[in-house]
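Below: protein_9.txt (compact mmCIF, C-alpha atoms)
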```
# COMPACT_ATOMS: atom_id res chain seq x y z
CA MET A 14 -13.17 -53.70 -6.64
CA ASN A 15 -14.87 -53.65 -10.03
CA CYS A 16 -15.19 -50.74 -12.53
CA LYS A 17 -18.62 -49.76 -11.20
CA ARG A 18 -17.14 -49.03 -7.77
CA ILE A 19 -13.87 -47.58 -9.01
CA GLU A 20 -15.25 -45.10 -11.56
CA PRO A 21 -16.95 -42.77 -8.97
CA LEU A 22 -13.67 -42.65 -7.02
CA LEU A 23 -11.62 -41.39 -9.96
CA PRO A 24 -12.43 -37.64 -9.67
CA ALA A 25 -11.41 -37.77 -5.99
CA PHE A 26 -8.31 -39.80 -6.87
CA ALA A 27 -7.26 -37.23 -9.50
CA ALA A 28 -7.80 -34.44 -6.97
CA GLY A 29 -5.66 -36.26 -4.39
CA ASP A 30 -8.56 -36.51 -1.95
CA LEU A 31 -8.70 -40.27 -1.37
CA GLY A 32 -7.56 -42.01 1.79
CA ASP A 33 -4.82 -44.64 1.72
CA ASP A 34 -7.10 -47.70 1.37
CA GLU A 35 -9.21 -46.33 -1.47
CA ARG A 36 -6.17 -44.93 -3.25
CA ALA A 37 -4.48 -48.36 -3.11
CA ALA A 38 -7.65 -50.01 -4.44
CA VAL A 39 -7.83 -47.59 -7.38
CA GLU A 40 -4.14 -48.02 -8.18
CA ALA A 41 -4.50 -51.81 -8.13
CA HIS A 42 -7.53 -51.64 -10.42
CA ILE A 43 -6.26 -49.24 -13.06
CA GLY A 44 -3.16 -51.39 -13.54
CA ASP A 45 -5.42 -54.04 -15.09
CA CYS A 46 -8.28 -51.95 -16.53
CA ALA A 47 -7.65 -49.87 -19.65
CA ALA A 48 -11.11 -48.23 -19.54
CA CYS A 49 -10.66 -46.95 -15.99
CA GLY A 50 -7.10 -45.94 -16.84
CA GLU A 51 -8.46 -43.81 -19.66
CA SER A 52 -11.07 -42.30 -17.38
CA LEU A 53 -8.40 -41.45 -14.84
CA ALA A 54 -6.30 -39.80 -17.55
CA PHE A 55 -9.34 -37.67 -18.42
CA TYR A 56 -9.93 -36.60 -14.80
CA THR A 57 -6.24 -35.87 -14.28
CA THR A 58 -6.15 -33.62 -17.35
CA LEU A 59 -9.46 -32.01 -16.36
CA GLU A 60 -8.03 -31.33 -12.89
CA ALA A 61 -5.04 -29.53 -14.46
CA SER A 62 -7.27 -27.60 -16.80
CA LEU A 63 -9.62 -26.49 -14.01
CA SER A 64 -6.69 -25.60 -11.76
CA ALA A 65 -5.45 -23.17 -14.42
CA ARG A 66 -8.73 -21.23 -14.23
CA HIS A 67 -7.63 -19.10 -11.27
CA ALA A 68 -5.45 -17.14 -13.71
CA GLN A 69 -8.65 -15.80 -15.30
CA ARG A 70 -9.66 -14.10 -12.05
CA PRO A 71 -9.13 -10.33 -12.14
CA SER A 72 -6.91 -8.67 -9.57
CA SER A 73 -8.57 -8.29 -6.16
CA ARG A 74 -6.62 -5.06 -5.55
CA ALA A 75 -7.88 -3.47 -8.76
CA ALA A 76 -11.41 -4.52 -7.83
CA ALA A 77 -10.99 -2.99 -4.36
CA ASN A 78 -9.81 0.30 -5.89
CA ARG A 79 -12.76 0.37 -8.28
CA VAL A 80 -15.30 -0.37 -5.55
CA ALA A 81 -13.72 2.14 -3.15
CA ARG A 82 -14.01 4.83 -5.84
CA ALA A 83 -17.60 3.83 -6.60
CA VAL A 84 -18.69 4.20 -2.97
CA GLY A 85 -16.77 7.46 -2.57
CA HIS A 86 -14.38 5.85 -0.13
CA SER A 87 -11.31 6.68 -2.15
CA GLY A 88 -8.51 8.25 -0.20
CA ARG A 89 -10.86 9.42 2.54
CA GLU A 90 -8.75 8.07 5.37
CA ALA A 91 -5.49 9.14 3.74
CA VAL A 92 -6.45 12.83 3.81
CA ARG A 93 -8.51 12.94 6.95
CA TRP A 94 -5.66 13.68 9.37
CA ILE A 95 -3.95 16.21 7.09
CA PRO A 96 -6.38 19.13 7.37
CA ARG A 97 -6.94 18.45 11.05
CA TRP A 98 -3.99 20.27 12.60
CA PRO A 99 -4.10 23.41 10.40
CA ALA A 100 -7.87 23.58 10.79
CA PHE A 101 -7.52 23.28 14.53
CA ALA A 102 -4.73 25.88 14.57
CA SER A 103 -6.76 28.20 12.34
CA ALA A 104 -9.85 27.90 14.53
CA SER A 105 -7.74 28.52 17.66
CA SER A 106 -6.11 31.59 16.04
CA ILE A 107 -9.48 33.06 15.15
CA LEU A 108 -10.86 32.42 18.63
CA LEU A 109 -7.77 33.95 20.21
CA GLY A 110 -7.99 36.98 17.92
CA VAL A 111 -11.69 37.50 18.71
CA ALA A 112 -11.03 37.05 22.43
CA LEU A 113 -8.17 39.56 22.26
CA LEU A 114 -10.44 42.09 20.60
CA LEU A 115 -13.29 41.61 23.02
CA ARG A 116 -11.72 40.73 26.36
CA PRO A 117 -7.92 41.15 26.48
CA ASP A 118 -8.08 41.16 30.27
CA LEU A 119 -9.38 37.56 30.29
CA ILE A 120 -6.50 36.38 28.10
CA THR A 121 -4.06 38.09 30.45
CA LYS A 122 -5.67 36.47 33.46
CA PHE A 123 -5.73 33.06 31.75
CA PHE A 124 -2.01 33.05 30.88
CA ALA A 125 -1.13 34.46 34.30
CA ALA A 126 -3.19 31.76 36.04
CA VAL A 127 -1.72 28.92 33.93
CA GLY A 128 1.80 30.34 34.46
CA ALA A 129 1.24 30.44 38.20
CA PHE A 130 -0.15 26.91 38.22
CA PHE A 131 2.94 25.48 36.46
CA GLY A 132 5.38 27.69 38.32
CA GLU A 133 4.03 26.97 41.79
CA GLU A 134 1.71 23.93 42.00
CA VAL A 135 3.28 21.61 39.41
CA ALA A 136 6.88 22.62 40.12
CA ALA A 137 6.26 21.99 43.85
CA ARG A 138 4.78 18.51 43.16
CA PHE A 139 7.65 17.39 40.92
CA PRO A 140 10.65 19.16 42.40
CA ALA A 141 13.25 16.63 41.28
CA ALA A 142 11.85 15.86 37.86
CA GLY A 143 11.23 19.22 36.38
CA GLU A 144 11.73 22.18 38.62
CA GLY A 145 13.75 24.03 36.01
CA PHE A 146 11.41 23.16 33.15
CA PHE A 147 8.21 24.16 34.94
CA THR A 148 9.75 27.36 36.24
CA ARG A 149 10.81 28.29 32.71
CA LEU A 150 7.36 27.38 31.33
CA ALA A 151 5.73 29.54 34.01
CA ALA A 152 8.05 32.40 33.06
CA VAL A 153 7.10 32.09 29.38
CA LEU A 154 3.38 32.04 30.16
CA ASP A 155 3.81 35.00 32.49
CA SER A 156 5.61 36.88 29.71
CA ILE A 157 2.71 36.16 27.33
CA ALA A 158 0.24 37.43 29.91
CA ARG A 159 2.23 40.65 30.36
CA ALA A 160 2.62 41.09 26.57
CA VAL A 161 -1.14 40.74 26.05
CA GLU A 162 -1.73 43.19 28.91
CA ALA A 163 0.68 45.66 27.33
CA MET A 164 -0.88 45.27 23.88
CA SER A 165 -4.39 45.68 25.21
CA ALA A 166 -3.35 49.12 26.53
CA GLY A 167 -2.82 50.42 22.97
CA ASN A 168 -3.83 49.58 19.36
CA ASP A 169 -1.48 46.58 19.25
CA THR A 170 -4.43 44.32 20.07
CA LEU A 171 -5.99 45.12 16.70
CA ILE A 172 -2.71 44.42 14.88
CA LEU A 173 -2.31 41.10 16.69
CA ALA A 174 -5.91 40.12 15.88
CA LEU A 175 -5.32 41.03 12.22
CA TYR A 176 -2.13 38.99 12.17
CA LEU A 177 -3.93 35.99 13.64
CA GLY A 178 -6.72 36.32 11.07
CA VAL A 179 -4.23 36.29 8.17
CA LEU A 180 -2.46 33.31 9.74
CA ALA A 181 -5.78 31.46 9.98
CA LEU A 182 -6.51 32.21 6.31
CA VAL A 183 -3.09 30.92 5.23
CA LEU A 184 -3.51 27.76 7.27
CA PHE A 185 -6.98 27.11 5.85
CA SER A 186 -5.81 27.66 2.25
CA GLY A 187 -2.78 25.45 2.83
CA SER A 188 -4.81 22.60 4.26
CA TRP A 189 -7.33 22.87 1.42
CA MET A 190 -4.58 22.67 -1.22
CA VAL A 191 -2.89 19.72 0.51
CA THR A 192 -6.24 17.93 0.70
CA ARG A 193 -6.90 18.48 -3.00
CA PHE A 194 -3.39 17.31 -3.91
CA VAL A 195 -3.65 14.09 -1.88
CA ARG A 196 -7.12 13.26 -3.25
CA GLN A 197 -5.82 13.56 -6.81
CA MET B 17 -7.33 -16.40 8.27
CA THR B 18 -4.34 -14.17 8.73
CA GLY B 19 -4.40 -10.55 9.86
CA GLU B 20 -7.40 -8.76 11.24
CA THR B 21 -10.74 -10.52 11.54
CA ASP B 22 -13.67 -9.59 9.32
CA ALA B 23 -15.49 -8.19 12.36
CA ARG B 24 -12.59 -5.84 13.11
CA LEU B 25 -12.34 -4.74 9.47
CA ILE B 26 -16.09 -4.11 9.35
CA GLU B 27 -15.87 -2.05 12.53
CA LYS B 28 -13.04 0.03 11.08
CA THR B 29 -14.84 0.43 7.75
CA LEU B 30 -17.92 1.72 9.54
CA ARG B 31 -15.70 4.27 11.28
CA GLY B 32 -14.59 5.46 7.84
CA SER B 33 -11.36 3.50 7.32
CA ASP B 34 -10.59 3.26 3.62
CA LYS B 35 -7.76 0.81 4.23
CA ALA B 36 -9.99 -1.60 6.16
CA PHE B 37 -12.66 -1.50 3.45
CA ARG B 38 -10.11 -2.24 0.74
CA LYS B 39 -8.77 -5.17 2.77
CA LEU B 40 -12.28 -6.50 3.18
CA VAL B 41 -12.93 -6.29 -0.57
CA GLU B 42 -9.56 -7.83 -1.45
CA ARG B 43 -10.21 -10.69 0.98
CA HIS B 44 -13.64 -11.59 -0.38
CA HIS B 45 -13.40 -10.59 -4.04
CA SER B 46 -12.47 -14.10 -5.19
CA LEU B 47 -15.55 -15.58 -3.51
CA VAL B 48 -17.88 -13.01 -5.03
CA TYR B 49 -16.26 -13.29 -8.45
CA SER B 50 -16.48 -17.09 -8.44
CA VAL B 51 -20.13 -17.15 -7.42
CA VAL B 52 -21.12 -14.54 -10.02
CA ARG B 53 -19.11 -16.31 -12.69
CA GLY B 54 -20.63 -19.63 -11.62
CA VAL B 55 -24.15 -18.28 -12.13
CA LEU B 56 -23.55 -16.10 -15.20
CA GLY B 57 -20.72 -17.91 -16.95
CA ASP B 58 -18.13 -16.02 -18.98
CA ARG B 59 -20.18 -12.91 -19.76
CA ASP B 60 -19.05 -9.36 -20.32
CA ASP B 61 -21.11 -8.04 -17.40
CA VAL B 62 -19.52 -10.29 -14.74
CA ASP B 63 -17.22 -7.52 -13.46
CA ASP B 64 -20.12 -5.07 -13.26
CA VAL B 65 -22.23 -7.52 -11.26
CA VAL B 66 -19.28 -8.25 -8.96
CA GLN B 67 -18.90 -4.51 -8.37
CA GLU B 68 -22.63 -4.21 -7.61
CA VAL B 69 -22.33 -7.01 -5.05
CA LEU B 70 -19.37 -5.37 -3.34
CA ILE B 71 -21.15 -2.01 -3.26
CA LYS B 72 -24.15 -3.76 -1.70
CA MET B 73 -21.80 -5.28 0.83
CA TYR B 74 -20.50 -1.81 1.71
CA ARG B 75 -23.99 -0.38 2.07
CA GLY B 76 -25.16 -3.35 4.10
CA LEU B 77 -22.22 -3.50 6.52
CA ALA B 78 -23.98 -1.28 9.07
CA SER B 79 -26.89 -3.72 9.23
CA PHE B 80 -24.71 -6.86 9.14
CA ARG B 81 -25.17 -8.22 12.64
CA GLY B 82 -22.68 -11.04 12.34
CA ASP B 83 -25.22 -13.82 13.03
CA ALA B 84 -23.90 -15.58 9.95
CA ARG B 85 -20.36 -15.49 8.59
CA LEU B 86 -19.56 -12.68 6.18
CA GLU B 87 -18.81 -15.27 3.48
CA THR B 88 -22.28 -16.78 3.84
CA TRP B 89 -23.92 -13.35 3.66
CA LEU B 90 -21.81 -12.38 0.64
CA TYR B 91 -22.52 -15.67 -1.11
CA ARG B 92 -26.26 -14.98 -0.86
CA ILE B 93 -25.93 -11.40 -2.12
CA ALA B 94 -23.66 -12.51 -4.98
CA ARG B 95 -25.95 -15.35 -6.03
CA ASN B 96 -29.09 -13.17 -5.90
CA GLU B 97 -27.44 -10.34 -7.84
CA ALA B 98 -26.14 -12.74 -10.47
CA ILE B 99 -29.54 -14.41 -10.84
CA ASN B 100 -31.15 -10.97 -11.25
CA ALA B 101 -28.54 -10.03 -13.87
CA ALA B 102 -29.18 -13.31 -15.69
CA ARG B 103 -32.90 -12.53 -15.79
CA ARG B 104 -32.28 -9.01 -17.11
CA THR B 105 -30.10 -10.05 -20.03
CA LYS B 106 -29.65 -13.13 -22.13
CA PRO B 107 -26.27 -14.84 -22.06
CA HIS B 108 -24.21 -14.85 -25.23
CA SER B 109 -24.23 -18.19 -26.97
CA GLN B 110 -21.08 -20.24 -26.66
CA PRO B 111 -20.47 -22.63 -29.54
CA ILE B 112 -19.50 -26.06 -28.35
CA GLU B 113 -16.68 -27.50 -30.37
CA ASP B 114 -14.29 -30.34 -29.85
CA THR B 115 -12.70 -30.00 -26.45
CA VAL B 116 -9.01 -29.44 -26.04
CA ILE B 117 -8.05 -29.87 -22.41
CA GLU B 118 -5.02 -28.06 -21.16
CA SER B 119 -1.74 -29.86 -20.61
CA PRO B 120 1.33 -28.74 -18.59
CA VAL B 121 2.82 -25.24 -18.79
CA THR B 122 4.81 -24.27 -21.87
CA SER B 123 6.21 -21.08 -23.37
CA ARG B 124 5.37 -22.05 -26.97
CA PRO B 125 2.92 -19.45 -28.36
CA ASP B 126 1.13 -21.94 -30.63
CA VAL B 127 0.52 -24.30 -27.71
CA GLN B 128 -0.61 -21.38 -25.52
CA TYR B 129 -3.02 -20.34 -28.27
CA GLU B 130 -4.43 -23.86 -28.39
CA ARG B 131 -4.85 -23.78 -24.63
CA GLY B 132 -6.71 -20.50 -24.77
CA ALA B 133 -9.09 -22.13 -27.20
CA GLY B 134 -9.34 -25.14 -24.88
CA GLN B 135 -10.30 -22.92 -21.95
CA ARG B 136 -13.00 -21.25 -24.05
CA ARG B 137 -14.40 -24.64 -25.00
CA LEU B 138 -14.27 -25.76 -21.39
CA GLU B 139 -16.27 -22.63 -20.58
CA GLY B 140 -18.95 -23.84 -22.96
CA TYR B 141 -19.12 -27.23 -21.28
CA LEU B 142 -19.24 -25.67 -17.83
CA ALA B 143 -22.24 -23.66 -19.01
CA GLN B 144 -24.12 -26.92 -19.50
CA LEU B 145 -23.77 -27.96 -15.87
CA ASP B 146 -26.39 -27.30 -13.20
CA GLU B 147 -25.88 -23.97 -11.46
CA THR B 148 -24.89 -25.54 -8.12
CA TYR B 149 -22.24 -27.69 -9.78
CA ARG B 150 -20.88 -24.70 -11.70
CA VAL B 151 -20.71 -22.57 -8.57
CA VAL B 152 -18.88 -25.18 -6.47
CA LEU B 153 -16.41 -25.80 -9.30
CA GLU B 154 -15.78 -22.06 -9.74
CA LEU B 155 -15.35 -21.54 -6.00
CA ARG B 156 -12.89 -24.42 -5.86
CA TYR B 157 -10.82 -23.68 -8.97
CA LEU B 158 -11.44 -20.08 -10.02
CA GLY B 159 -11.65 -18.80 -6.44
CA GLU B 160 -9.12 -21.32 -5.06
CA LYS B 161 -11.28 -21.95 -2.00
CA SER B 162 -10.87 -24.94 0.28
CA TYR B 163 -13.72 -27.39 0.74
CA ALA B 164 -14.30 -25.94 4.21
CA GLU B 165 -14.49 -22.37 2.90
CA ILE B 166 -16.97 -23.43 0.21
CA GLY B 167 -19.02 -25.24 2.83
CA GLU B 168 -19.11 -22.15 5.06
CA ALA B 169 -20.18 -19.88 2.23
CA MET B 170 -22.85 -22.23 0.92
CA THR B 171 -23.81 -23.57 4.38
CA LEU B 172 -23.10 -27.12 3.29
CA PRO B 173 -21.17 -29.91 5.04
CA ILE B 174 -17.68 -30.51 3.62
CA GLY B 175 -18.70 -34.01 2.49
CA THR B 176 -21.53 -32.56 0.42
CA VAL B 177 -19.20 -30.00 -1.15
CA LYS B 178 -16.77 -32.74 -2.18
CA SER B 179 -19.59 -34.88 -3.48
CA TYR B 180 -20.91 -31.97 -5.61
CA ILE B 181 -17.44 -31.36 -7.05
CA TYR B 182 -16.88 -35.03 -7.95
CA ARG B 183 -20.35 -35.26 -9.48
CA ALA B 184 -19.77 -32.05 -11.41
CA LYS B 185 -16.59 -33.53 -12.89
CA ALA B 186 -18.35 -36.78 -13.74
CA GLU B 187 -21.09 -34.73 -15.41
CA LEU B 188 -18.45 -32.77 -17.34
CA LYS B 189 -16.96 -36.07 -18.51
CA ARG B 190 -20.39 -37.22 -19.66
CA ILE B 191 -20.99 -33.95 -21.56
CA MET B 192 -17.53 -33.87 -23.08
CA THR B 193 -17.55 -37.46 -24.25
CA ARG B 194 -20.96 -37.21 -25.92
CA ARG B 195 -20.65 -38.21 -29.52
CA THR B 196 -21.31 -35.74 -32.27
CA ALA B 197 -23.88 -36.34 -35.02
CA ASP B 198 -21.31 -37.97 -37.33
CA GLY B 199 -20.39 -40.47 -34.64
CA LYS B 200 -17.01 -38.94 -33.74
CA PRO B 201 -16.24 -38.28 -30.12
CA ALA B 202 -16.70 -34.61 -29.16
CA ARG B 203 -13.70 -34.67 -26.88
CA THR B 204 -10.04 -34.44 -27.71
CA VAL B 205 -7.61 -34.79 -24.85
CA GLU B 206 -4.15 -33.40 -25.49
```

Just give me the structure of the file as structure tokens.
Amino acid sequence: MNCKRIEPLLPAFAAGDLGDDERAAVEAHIGDCAACGESLAFYTTLEASLSARHAQRPSSRAAANRVARAVGHSGREAVRWIPRWPAFASASSILLGVALLLRPDLITKFFAAVGAFFGEEVAARFPAAGEGFFTRLAAVLDSIARAVEAMSAGNDTLILALYLGVLALVLFSGSWMVTRFVRQ
Amino acid sequence: MTGETDARLIEKTLRGSDKAFRKLVERHHSLVYSVVRGVLGDRDDVDDVVQEVLIKMYRGLASFRGDARLETWLYRIARNEAINAARRTKPHSQPIEDTVIESPVTSRPDVQYERGAGQRRLEGYLAQLDETYRVVLELRYLGEKSYAEIGEAMTLPIGTVKSYIYRAKAELKRIMTRRTADGKPARTVE
């Protein structure tokens, strides 16, 4: 091959992109041609110089952090689960407190019914697996039902509702502070 | 591609996952950066334009239907944003001096300094190339993309991508070996 056909192959040769036949042809030619040899030296050096350019690229992680902050995405997922459980507990406490104030009889009936369900239905279905466990669970629920019934007879209902309200407030404040801390 | 697919990461991002969004940005930052740099050159506002592109990506994810690859979609956004930025502001002028092309790695500070200067001069020569040539070169070397990845982003066959890169290098050689007014070659190869 002559210089006119070899010269266009030199950038590909320097990049290591040529197939065996073309590579052999270039190697054979540059052994005898100083001009093409010089051209190849240029492309080889250019290849090295271009390959060093990737070092100029800024960090992808830093870019991701910057963009996440810009779109208000920063830390959103990290904190999302944290306030969930205290918020849920707080809401449940408030609901329970309100229900106790308004209809203590319903709470009593609810715990008694759930206790009976676990103590009789579930324990009967899984006699081998958890007779003892379900019986104990039923006993606990039954105790709660009787406690609520006893409290509803006097002013204890108000005290319990107050206690639950304070608990809800503490849980809300705690979750808010944790959220703030994690976001920072 | 290793790890989760783009489609999965997009789905998670749309559900509010910060981690998925960051992964998506980290995965495609090099492509966006290379395209913006290819269009704008070494300007101070490159990082700002890249950030704009990635914010646009975030805002457009909900409407991205996946008909095209994410890379293709991002390439178009990046190119359009960079062209708009180029229209808004003039590029800073880059003096073209004798070229010093980088040689192998060394720890000598004086040689490293020379190489820094060489890279700056190379930047000036790259600026004289056609935009398409600059972008393919930046995707290949700055973004370290394979020919196939470049082809997917630019919707070009691999053969065409290779041809553009070889022609871009030949054009660089032509620019760099142009003789100066006093008849001396403009290029110095170390």

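Pairwise distance (atom CA of Phe131 of chain A, atom CA of Thr148 of chain A) equals 7.1 Å.
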
Would you list the contacts of Ile19 of chain A as a compact mmCIF listing (two decimals) with C-alpha atoms, keeping the file's coordinate frame, taking every protein, DNA or RNA residue within 10 Å and counting all atoms listed in the file, but skipping same-chain residues closer than 6 positions in sequence?
```txt
# COMPACT_ATOMS: atom_id res chain seq x y z
CA PHE A 26 -8.31 -39.80 -6.87
CA GLU A 35 -9.21 -46.33 -1.47
CA ARG A 36 -6.17 -44.93 -3.25
CA ALA A 38 -7.65 -50.01 -4.44
CA VAL A 39 -7.83 -47.59 -7.38
CA GLU A 40 -4.14 -48.02 -8.18
CA HIS A 42 -7.53 -51.64 -10.42
CA ILE A 43 -6.26 -49.24 -13.06
CA CYS A 49 -10.66 -46.95 -15.99
```

- Query: Mind listing as a PyMOL selection string which residues of chain B are within 6 Å of chain A, counting all atoms listed in the file?
  - Reply: chain B and resi 33-34+38+41-42+45+118+157-158+182

- Excluding Glu68 of chain B and any residue of its chain fewer than 5 positions from it, enumerate the residues within 9 Å of it, using all atoms listed in the file, and give them as a PyMOL selection string. (chain A and resi 80) or (chain B and resi 63+73+94+97)

Selection to disk with C-alpha atoms, as a PDB file, keeping the file's coordinate frame:
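So selection08.pdb came out as:
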```pdb
ATOM      1  CA  VAL A  80     -15.300  -0.370  -5.550  1.00  0.00           C
TER       2      VAL A  80
ATOM      3  CA  ASP B  63     -17.220  -7.520 -13.460  1.00  0.00           C
ATOM      4  CA  MET B  73     -21.800  -5.280   0.830  1.00  0.00           C
ATOM      5  CA  ALA B  94     -23.660 -12.510  -4.980  1.00  0.00           C
ATOM      6  CA  GLU B  97     -27.440 -10.340  -7.840  1.00  0.00           C
TER       7      GLU B  97
END
```

- Mind checking which residues fall within 10 Å of Lys178 of chain B, counting only C-alpha atoms, ignoring those fewer than 5 positions away in the same chain, and posting them as a PyMOL selection string? (chain A and resi 24-25+30) or (chain B and resi 152-153+156+163-164+166-167+173+183-184)

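Across the structure, atom CA of Gly32 of chain A and atom CA of Gly175 of chain B are spaced 13.7 Å apart.
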
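Atom CA of Arg137 of chain B sits 29.4 Å away from atom CA of Leu90 of chain B.
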
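For Phe147 of chain A, the list of residues within 8 Å, based on all atoms listed in the file and with local chain neighbours fewer than 5 positions off taken out, reads Phe131, Gly132, Val135 and Ala136 of chain A.
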
Write a file of the selected residues as a PDB file, keeping the file's coordinate frame, keeping C-alpha atoms.
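Result went into part_7.pdb, see below:
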```pdb
ATOM      1  CA  PHE A 131       2.940  25.480  36.460  1.00  0.00           C
ATOM      2  CA  GLY A 132       5.380  27.690  38.320  1.00  0.00           C
ATOM      3  CA  VAL A 135       3.280  21.610  39.410  1.00  0.00           C
ATOM      4  CA  ALA A 136       6.880  22.620  40.120  1.00  0.00           C
TER       5      ALA A 136
END
```

- Give me the residues within 10 Å of Ala102 of chain B as a ChimeraX atom specification, counting all atoms listed in the file and dropping any in the same chain fewer than 3 places off. /B:52,55-57,59,61,96-99,105-107

- For Gly82 of chain B, the closest of B:Leu172, B:Leu188, B:Ala23, B:Leu30 counting only C-alpha atoms is B:Ala23

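Near (-15.8, -1.7, 3.5), the residues that fall inside 6 Å on the basis of only C-alpha atoms are Thr29, Phe37, Leu40 and Tyr74 of chain B.
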
Could you write those residues out with C-alpha atoms, as an mmCIF file, keeping the file's coordinate frame?
```cif
data_model
loop_
_atom_site.group_PDB
_atom_site.id
_atom_site.type_symbol
_atom_site.label_atom_id
_atom_site.label_comp_id
_atom_site.auth_asym_id
_atom_site.auth_seq_id
_atom_site.Cartn_x
_atom_site.Cartn_y
_atom_site.Cartn_z
ATOM 1 C CA THR B 29 -14.840 0.430 7.750
ATOM 2 C CA PHE B 37 -12.660 -1.500 3.450
ATOM 3 C CA LEU B 40 -12.280 -6.500 3.180
ATOM 4 C CA TYR B 74 -20.500 -1.810 1.710
#
```

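In terms of minimum interatomic distance to Leu155 of chain B, B:Glu168 ranks closest within B:Arg31, B:Val65, B:Ala84, B:Glu168, counting only C-alpha atoms.
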
Some atoms are missing, so please complete segment 102-115 of chain A with N, CA and C atoms and return it as a PDB file, keeping the file's coordinate frame.
```
ATOM      1  N   ALA A 102      -5.551  24.691  14.304  1.00  0.00           N
ATOM      2  CA  ALA A 102      -4.730  25.880  14.570  1.00  0.00           C
ATOM      3  C   ALA A 102      -5.439  27.141  14.083  1.00  0.00           C
ATOM      4  N   SER A 103      -6.066  27.039  12.901  1.00  0.00           N
ATOM      5  CA  SER A 103      -6.760  28.200  12.340  1.00  0.00           C
ATOM      6  C   SER A 103      -7.919  28.616  13.236  1.00  0.00           C
ATOM      7  N   ALA A 104      -8.700  27.607  13.667  1.00  0.00           N
ATOM      8  CA  ALA A 104      -9.850  27.900  14.530  1.00  0.00           C
ATOM      9  C   ALA A 104      -9.374  28.525  15.838  1.00  0.00           C
ATOM     10  N   SER A 105      -8.283  27.987  16.401  1.00  0.00           N
ATOM     11  CA  SER A 105      -7.740  28.520  17.660  1.00  0.00           C
ATOM     12  C   SER A 105      -7.280  29.961  17.468  1.00  0.00           C
ATOM     13  N   SER A 106      -6.612  30.240  16.321  1.00  0.00           N
ATOM     14  CA  SER A 106      -6.110  31.590  16.040  1.00  0.00           C
ATOM     15  C   SER A 106      -7.256  32.586  15.978  1.00  0.00           C
ATOM     16  N   ILE A 107      -8.326  32.157  15.283  1.00  0.00           N
ATOM     17  CA  ILE A 107      -9.480  33.060  15.150  1.00  0.00           C
ATOM     18  C   ILE A 107     -10.104  33.335  16.515  1.00  0.00           C
ATOM     19  N   LEU A 108     -10.266  32.265  17.292  1.00  0.00           N
ATOM     20  CA  LEU A 108     -10.860  32.420  18.630  1.00  0.00           C
ATOM     21  C   LEU A 108     -10.011  33.342  19.500  1.00  0.00           C
ATOM     22  N   LEU A 109      -8.693  33.125  19.422  1.00  0.00           N
ATOM     23  CA  LEU A 109      -7.770  33.950  20.210  1.00  0.00           C
ATOM     24  C   LEU A 109      -7.845  35.420  19.774  1.00  0.00           C
ATOM     25  N   GLY A 110      -7.892  35.616  18.455  1.00  0.00           N
ATOM     26  CA  GLY A 110      -7.990  36.980  17.920  1.00  0.00           C
ATOM     27  C   GLY A 110      -9.267  37.670  18.375  1.00  0.00           C
ATOM     28  N   VAL A 111     -10.398  36.925  18.289  1.00  0.00           N
ATOM     29  CA  VAL A 111     -11.690  37.500  18.710  1.00  0.00           C
ATOM     30  C   VAL A 111     -11.660  37.812  20.202  1.00  0.00           C
ATOM     31  N   ALA A 112     -11.108  36.856  20.980  1.00  0.00           N
ATOM     32  CA  ALA A 112     -11.030  37.050  22.430  1.00  0.00           C
ATOM     33  C   ALA A 112     -10.167  38.262  22.775  1.00  0.00           C
ATOM     34  N   LEU A 113      -9.076  38.416  22.008  1.00  0.00           N
ATOM     35  CA  LEU A 113      -8.170  39.560  22.260  1.00  0.00           C
ATOM     36  C   LEU A 113      -8.891  40.885  21.993  1.00  0.00           C
ATOM     37  N   LEU A 114      -9.702  40.875  20.944  1.00  0.00           N
ATOM     38  CA  LEU A 114     -10.440  42.090  20.600  1.00  0.00           C
ATOM     39  C   LEU A 114     -11.486  42.426  21.666  1.00  0.00           C
ATOM     40  N   LEU A 115     -12.166  41.385  22.104  1.00  0.00           N
ATOM     41  CA  LEU A 115     -13.290  41.610  23.020  1.00  0.00           C
ATOM     42  C   LEU A 115     -12.848  41.735  24.480  1.00  0.00           C
TER      43      LEU A 115
END
```
